[in-house]
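Novice: Sending over a structure as structure tokens; questions will come in a sec.
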Amino acid sequence: MTNTNSLSQSHKILFLNTLAFTVCFACWTLNGVLVTFLVDNGIFNWSVVQVGWLLGIPILTGSVMRLPMGILTDKFGGKYVFSLLLLLCSIPLFLLPFVSSFLMFAILSFLFGMVGTSFAIGVGYTSIWYPKEWQGRALGIFGMGNAGAAITTFLAPSLLNHFSIEDSQNGWKILPVIYAVALVVIGVAFLLFAENKKIENNTKSVSQMLGSLKSARVWRFGAYYFLVFGCFVAYSQWLLPNFMNVYQTSLVMGGLFATMFSLPSGVIRAFGGYLSDKYGARKVMYWVLSSSVILSALLMVPKMEITTTGPGVLATKKGTITSVSDQNIKIGETDFPVAKKKEITAESAIFPTSTSWQQVVVEQNQTVKKKELLAKGITVIKFDANMWVFLVLVILIGISWGIGKAAVYKHIPEYFPTEVGVVGGMVGMIGGLGGFFGPIIFGYLLTATGIWSSSWIFILLLSVICLIWMHYTITKIMNEKQPVLSKVIDRQ
């Protein structure tokens with residue numbers, strides 16, 4: 001009976017944690033929709049650089065501050081840290097409707113960006129309530145709060161348009177207030193219904209707790225999370241302009257496609273936790289990293305046309321050219337057919353299509369030698385990078401990363417049971433920084449190459465590095481701990 005009651009209490013805490021994280025993640029991504037709306041409607045005349053900073057500031061704050069918030073969670077317990085975060089972050093959202101300058105908006109964005117630290121708090125607070133065999137699933141369910149980003153992307157634009165019908169200049173101000181009220185309600189619910197719990201006999205000082213960060217394993221997990229979470233956040237922003245530029249979709253359709261990438265990735269996280277519990281996090285990460293390599297390799301092929309030299313027409317004898325046309329060339333009475341140019345009519349083909357033709361390079365009455373070129377060959381290979389194939393591949397890699405997010409955090413309570421908040425905060429910080437720096441890296445790559453798919457080349461290289469690093473570590477452990485390999489290997 002005690003175990004049943006304990007599990008019931010754990011499920012209640014998990015529900016509150018997941019609900020709070022969903023709301024926090026929705027707030028964390030609010031600037032992406034809100035700032036775009038304010039600029040597009042001329043309410044604020046911010047430059048492209050200023051818009052970029054406003055989009056990035058909350059992500060940066062929520063990433064960098066995950067480590068100290070994880071430490072506080074380990075020291076004081078998740079109930080008070082989480083509820084205090086929710087209540088304090090509602091204040092800058094309540095103040096947002098009163099801003100009149102870029103600086104004010106930036107400062108408030110910095111402050112409410114703290115909601116991004118909720119992940120580090122929730123990981124430490126959730127894991128302590130569950131036994132080892134349940135932690136993968138519990139953390140996976142908690143991580144489903146990532147879907148809050150999709151909620152904002154899907155609902156916020158419609159709400160902004162609705163609120164602005166009667167007052168086009170001030171209607172937007174209702175939205176941040178709604179988000180602020182949601183934070184207050186969840187914060188109060190946390191204080192009333194959650195039960196505080198922290199690591200027993202945790203007498204370590206902050207410096208001792210930070211000592212675990214010296215482990216190479218922490219940074220390896222961080223590299224995994226930079227890929228599966230950081231790049232997920234980056235592409236949640238990057239896919240919209242990608243679809244609009246490469247496939248000429250509308251803003252609404254591009255946003256829908258971006259949501260189709262982010263929503264399954266968040267929801268599938270619980271399934272990733274189940275797989276990690278059942279088969280081991282190492283096996284799941286092998287699958288995730290391998291699939292990331294394969295899918296990114298397919299996605300990096302750009303929409304392109306390649307013009308190259310094709311089969312030409314050579315003279316089979318020497319003589320004088322007596323006739324030249326687009327269809328043939330005559331040397332004396334001998335006729336040499338010339339292939340005419342044909343346009344490629346196939347659109348959005350899955351596989352590359354090609355066409356070849358020949359261009360005359362001689363003139364009438366010209367004397368030619370045997371095997372002299374009469375018409376040069378031209379071949380054009382066209383690859384449309386079919387939009388629907390691209391979309392399916394994008395959804396698949398998003399699902400793979402969603403499973404990987406759960407697998408990464410399955411490792412942490414096993415290796416660092418008394419420093420879950422600290423290590424989880426550090427890993428989360430590295431992943432969050434991926435979400436901040438990802439679009440910047442993608443932008444530089446696009447500028448340097450002029451190819452939108454260059455970002456997938458970066459993903460391919462990062463996936464390969466993570467896979468090799470993990471395999472090298474596993475191989476090293478196999479060599480060092482061969483006698484107890486079966487017990488040790490599945491935890492890596």
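The way I read the labels, and the way they are meant: chains A, B, ... in the order of the structure tokens, residue 1 as the first residue of every chain, and ligand 1 as the first ligand shown, with later ones counted on from there.
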Among range 92-328 of chain A, which ones does DSSP assign to alpha helix (DSSP H) (computed from the backbone)? Answer as an MDAnalysis selection string.
Specialist: chainID A and resid 92:95 102:112 118:127 132:143 147:163 174:193 206:210 216:225 231:246 251:267 269:279 281:299
Novice: List every residue of range 237-327 of chain A that has an atom at most 6 Å from any atom of range 132-140 of chain A, giving for each one its closest atom pair and the distance in Å to one decimal, counting only C-alpha atoms, sorted by chain and then by ascending residue number, as a tab-separated table.
Specialist:
```
residue	atom	partner	partner_atom	distance
A:Arg269	CA	A:Gly140	CA	4.9
A:Ala270	CA	A:Gly140	CA	3.8
A:Gly273	CA	A:Arg137	CA	4.1
A:Tyr274	CA	A:Arg137	CA	4.8
A:Ser276	CA	A:Gly136	CA	5.9
A:Asp277	CA	A:Gly136	CA	5.3
```
Novice: Near Met144 in chain A, within 10 Å and counting only C-alpha atoms, which residues show up once chain neighbours fewer than 4 positions away are dropped, as number ranges by chain?
Specialist: A: 18-19, 21-22, 139-140, 148, 263-271, 402, 406
Novice: Keeping only N, CA and C atoms, take the residues you just selected and write them out as a PDB file, in the first residue's frame.
Specialist:
```pdb
ATOM      1  N   THR A  18       5.303  18.592 -15.386  1.00  0.00           N
ATOM      2  CA  THR A  18       5.116  18.625 -16.838  1.00  0.00           C
ATOM      3  C   THR A  18       4.259  19.813 -17.247  1.00  0.00           C
ATOM      4  N   LEU A  19       3.193  20.070 -16.474  1.00  0.00           N
ATOM      5  CA  LEU A  19       2.320  21.208 -16.768  1.00  0.00           C
ATOM      6  C   LEU A  19       3.093  22.523 -16.657  1.00  0.00           C
ATOM      7  N   PHE A  21       6.348  22.959 -16.871  1.00  0.00           N
ATOM      8  CA  PHE A  21       7.373  23.044 -17.910  1.00  0.00           C
ATOM      9  C   PHE A  21       6.754  23.405 -19.257  1.00  0.00           C
ATOM     10  N   THR A  22       5.570  22.877 -19.542  1.00  0.00           N
ATOM     11  CA  THR A  22       4.887  23.203 -20.800  1.00  0.00           C
ATOM     12  C   THR A  22       4.595  24.695 -20.884  1.00  0.00           C
ATOM     13  N   LEU A 139      11.234  11.094 -16.849  1.00  0.00           N
ATOM     14  CA  LEU A 139      11.905  12.251 -17.444  1.00  0.00           C
ATOM     15  C   LEU A 139      11.448  12.467 -18.888  1.00  0.00           C
ATOM     16  N   GLY A 140      11.111  11.385 -19.579  1.00  0.00           N
ATOM     17  CA  GLY A 140      10.589  11.514 -20.933  1.00  0.00           C
ATOM     18  C   GLY A 140       9.233  12.198 -20.956  1.00  0.00           C
ATOM     19  N   GLY A 148       5.267  22.853 -25.589  1.00  0.00           N
ATOM     20  CA  GLY A 148       4.839  24.234 -25.342  1.00  0.00           C
ATOM     21  C   GLY A 148       5.263  25.169 -26.453  1.00  0.00           C
ATOM     22  N   LEU A 263       6.361  19.589 -32.990  1.00  0.00           N
ATOM     23  CA  LEU A 263       5.361  18.939 -32.134  1.00  0.00           C
ATOM     24  C   LEU A 263       5.633  17.448 -31.924  1.00  0.00           C
ATOM     25  N   PRO A 264       5.842  16.646 -32.971  1.00  0.00           N
ATOM     26  CA  PRO A 264       6.136  15.215 -32.727  1.00  0.00           C
ATOM     27  C   PRO A 264       7.412  15.012 -31.930  1.00  0.00           C
ATOM     28  N   SER A 265       8.398  15.874 -32.145  1.00  0.00           N
ATOM     29  CA  SER A 265       9.665  15.735 -31.432  1.00  0.00           C
ATOM     30  C   SER A 265       9.484  15.905 -29.934  1.00  0.00           C
ATOM     31  N   GLY A 266       8.566  16.786 -29.543  1.00  0.00           N
ATOM     32  CA  GLY A 266       8.307  16.979 -28.116  1.00  0.00           C
ATOM     33  C   GLY A 266       7.482  15.850 -27.526  1.00  0.00           C
ATOM     34  N   VAL A 267       6.451  15.426 -28.258  1.00  0.00           N
ATOM     35  CA  VAL A 267       5.544  14.400 -27.743  1.00  0.00           C
ATOM     36  C   VAL A 267       6.231  13.038 -27.646  1.00  0.00           C
ATOM     37  N   ILE A 268       7.113  12.731 -28.615  1.00  0.00           N
ATOM     38  CA  ILE A 268       7.742  11.402 -28.681  1.00  0.00           C
ATOM     39  C   ILE A 268       8.745  11.204 -27.556  1.00  0.00           C
ATOM     40  N   ARG A 269       9.057  12.260 -26.835  1.00  0.00           N
ATOM     41  CA  ARG A 269      10.083  12.172 -25.797  1.00  0.00           C
ATOM     42  C   ARG A 269       9.724  11.135 -24.726  1.00  0.00           C
ATOM     43  N   ALA A 270       8.456  11.030 -24.380  1.00  0.00           N
ATOM     44  CA  ALA A 270       8.032  10.039 -23.381  1.00  0.00           C
ATOM     45  C   ALA A 270       8.320   8.630 -23.874  1.00  0.00           C
ATOM     46  N   PHE A 271       8.093   8.392 -25.166  1.00  0.00           N
ATOM     47  CA  PHE A 271       8.394   7.086 -25.742  1.00  0.00           C
ATOM     48  C   PHE A 271       9.897   6.828 -25.700  1.00  0.00           C
ATOM     49  N   GLY A 402      13.895  13.768 -30.598  1.00  0.00           N
ATOM     50  CA  GLY A 402      13.012  13.735 -29.440  1.00  0.00           C
ATOM     51  C   GLY A 402      13.280  12.508 -28.571  1.00  0.00           C
ATOM     52  N   ALA A 406      15.365  12.226 -24.387  1.00  0.00           N
ATOM     53  CA  ALA A 406      15.044  11.407 -23.209  1.00  0.00           C
ATOM     54  C   ALA A 406      16.203  10.483 -22.862  1.00  0.00           C
TER      55      ALA A 406
END
```
Novice: Using only C-alpha atoms, which of A:Leu373, A:Met69, A:Val293, A:Ala407 sits nearest Tyr125 in chain A?
Specialist: A:Met69
Novice: Quick one: residues within 12 Å of Leu103 in chain A, only C-alpha atoms, excluding same-chain residues fewer than 2 positions away - as a ChimeraX atom specification?
Specialist: /A:46,50-51,53-54,57,96,99-101,105-110
Novice: Between A:Asn245, A:Thr367, A:Ser83, A:Asn328, which residue has the minimum interatomic distance to Leu192 in chain A, considering only C-alpha atoms?
Specialist: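 Ranking A:Asn245, A:Thr367, A:Ser83, A:Asn328 by distance to Leu192 in chain A, first place goes to A:Ser83.
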Novice: From the options A:Val185, A:Leu85, A:Leu16, A:Leu240, which residue's atoms come nearest to Gly32 in chain A, counting only C-alpha atoms?
Specialist: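 Comparing A:Val185, A:Leu85, A:Leu16, A:Leu240 against Gly32 in chain A, the winner is A:Leu240.
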Novice: For each of A:Gly124, A:Gly222, A:Pro157, A:Pro92, take the minimum atom-to-atom distance to Pro176 in chain A, counting only C-alpha atoms, then give the residue where this is smallest.
Specialist: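 Looking at the shortest contact to Pro176 in chain A, the residue is A:Pro92.
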Novice: Contacts of range 297-308 of chain A at 10 Å or less, counting only C-alpha atoms, minus same-chain residues fewer than 2 places along, as a ChimeraX atom specification?
Specialist: /A:246-247,291-295,310,348,352-356,377-387,389-391,393-394,397,451-461
